[in-house]
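I have placed the structure first, in the form of structure tokens, so that the comments after it can refer back to it.
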Amino acid sequence: LKHFAVAVLLLCAALEAAPLPVRHVQGYIHGFLVLKSMDDKVLGSGDLIQVPAGNRVTVNLSLHFADGSLYEETSVFSQSRNYRLLSYKQVMKGPAFKIQQTLSLDASNGNVNIQYTDKDGKEKTIADTLSLPPDLANGILSMLLTDADPKTETTLSMVVSTPKPRIVQLKASAANQDSYSLGGSGAKANHYIVKINIGGITGAAAKVLGKQPPPLNMWIAAGNAPVFLKSEGPLYDGGPVWRIELASPVWPKRP
């Protein structure tokens with residue numbers, strides 16, 4: 001019985017969430033983004049800016065919609081041997097979103113704060129303290145996939161709002177390599193499919209009712225310098241599937 005108990009403890013320890021190890025140190029990045037519907041209608045534009053300071057890196061993703069809506073994520077993570085999310089803030093406001101919401105978390109103490117406006121227009125606040133796992137991917141999922149091994153499945157965690165905060169599990173696996181072109185030259189991208197596992201009774205009910213979140217598709221440039229290329233998926237629970245991809249500057253024509 002004693003040996004059985006030890007084996008169970010070892011198994012539980014092995015199943016605990018583990019942060020992704022650092023293979024490539026992250027540096028400065030400024031990517032220009034365009035937001036589209038799945039029928040290629042342009043909905044807005046934005047930026048992905050990553051700024052390092054020692055072992056800490058700040059990542060800001062901002063998407064400005066044509067209707068005035070704003071989606072913004074600000075994440076701070078450390079990259080000392082392993083990637084660890086330190087703080088995160090998400091802002092969704094404007095007519096593009098059914099619920100106006102600001103979510104913030106502090107990984108050092110597990111505090112999660114959600115401010116949102118319900119369907120009746122009433123402002124509400126939820127403050128909770130969660131036991132946050134060390135493999136949180138809020139706001140840094142695309143960065144983590146650039147450093148993941150495409151030959152193995154990557155398991156990560158994420159805090160989501162329902163509107164009550166809860167932790168879901170992400171399972172990212174490389175489906176295949178897709179071809180694309182740049183200036184007439186061919187290149188390859190690793191296509192990742194990220195499945196969201198709600199877990200528990202809620203997750204089982206979601207599968208039965210057909211409300212399981214759709215998977216997120218993400219394309220990362222293959223090779224020695226992997227970088228985010230595009231993603232397809234909802235930005236919020238129950239939202240439409242949108243495409244985010246890199247944009248190139250368009251210069252005015254000279255007379």
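Just remember, in the structure tokens the first chain shown is A, the second B, etc., residues are 1-based per chain, and ligands are 1-based in the order shown.
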task = Mind checking which residues fall within 8 Å of segment 165-168 of chain A, counting only C-alpha atoms, ignoring those fewer than 2 positions away in the same chain, and posting them as a ChimeraX atom specification?
result = /A:112,114,128,132,157-163,170,196-199
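Near segment 62-66 of chain A, within 9 Å and counting only C-alpha atoms, sit Leu33, Val34, Leu35, Val42, Leu43, Gly44, Ser45, Gly46, Asp47, Leu48, Ile49, Ser69, Leu70, Tyr71, Glu72, Glu73, Thr74, Gly94 and Ala96 of chain A; same-chain residues fewer than 3 positions away were not included.
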Shell of 9 Å around Gln177 of chain A, only C-alpha atoms, local chain residues under 2 positions omitted, as a short mmCIF file (atom, residue, chain, number, x, y, z; two decimals) with N, CA and C atoms, in the first residue's frame:
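Output contents, as saved in result.cif:
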data_model
loop_
_atom_site.label_atom_id
_atom_site.label_comp_id
_atom_site.auth_asym_id
_atom_site.auth_seq_id
_atom_site.Cartn_x
_atom_site.Cartn_y
_atom_site.Cartn_z
N ALA A 174 1.07 20.32 -33.78
CA ALA A 174 1.34 20.72 -35.16
C ALA A 174 0.64 19.76 -36.10
N ALA A 175 -0.29 20.27 -36.91
CA ALA A 175 -1.04 19.42 -37.83
C ALA A 175 -0.20 19.05 -39.04
N SER A 179 2.23 25.74 -47.11
CA SER A 179 3.09 26.55 -47.97
C SER A 179 2.51 27.95 -48.14
N LYS A 188 7.62 27.75 -45.83
CA LYS A 188 6.80 26.81 -45.08
C LYS A 188 6.42 27.39 -43.72
N ALA A 189 5.23 27.01 -43.24
CA ALA A 189 4.76 27.42 -41.92
C ALA A 189 4.23 26.21 -41.18
N ASN A 190 4.54 26.12 -39.89
CA ASN A 190 3.98 25.07 -39.05
C ASN A 190 2.57 25.47 -38.64
N HIS A 191 1.61 24.62 -38.96
CA HIS A 191 0.21 24.88 -38.66
C HIS A 191 -0.14 24.18 -37.34
N TRP A 219 -0.50 29.77 -37.34
CA TRP A 219 0.58 29.44 -38.26
C TRP A 219 1.85 30.16 -37.83
N ALA A 222 8.26 28.33 -40.21
CA ALA A 222 9.19 27.25 -39.91
C ALA A 222 10.62 27.72 -40.13
#
request  = Tell me, as a PyMOL selection string, which residues lie within 6 Å of Ile193 of chain A, counting only C-alpha atoms; anything in the same chain fewer than 6 positions away does not count.
outcome  = chain A and resi 172-173+216-217
Once you have the residues from the selection above, write them out as an mmCIF file, in the first residue's frame, restricted to C-alpha atoms.
data_model
loop_
_atom_site.group_PDB
_atom_site.id
_atom_site.type_symbol
_atom_site.label_atom_id
_atom_site.label_comp_id
_atom_site.auth_asym_id
_atom_site.auth_seq_id
_atom_site.Cartn_x
_atom_site.Cartn_y
_atom_site.Cartn_z
ATOM 1 C CA ALA A 172 -1.449 22.542 -29.118
ATOM 2 C CA SER A 173 -0.241 20.133 -31.758
ATOM 3 C CA LEU A 216 -7.700 27.955 -32.507
ATOM 4 C CA ASN A 217 -5.575 27.633 -35.643
#
request  = Would you list the contacts of Ser108 of chain A as an MDAnalysis selection string, taking every protein, DNA or RNA residue within 10 Å and counting only C-alpha atoms, but skipping same-chain residues closer than 5 positions in sequence?
outcome  = chainID A and resid 85:87 132
message = With DSSP run on the backbone, what are the strand (DSSP E) residues within segment 137-203 of chain A? I'd like them as an MDAnalysis selection string.
response = chainID A and resid 154:161 165:182 185:197
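Each of A:Tyr236, A:Tyr28, A:Phe77, A:Tyr180 was checked against Gln101 of chain A using only C-alpha atoms; the smallest atom-to-atom distance is that of A:Tyr236.
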Pick from A:Lys195, A:Asn82, A:Ala127, A:Val76, whichever lies nearest to Ala107 of chain A using only C-alpha atoms = A:Val76
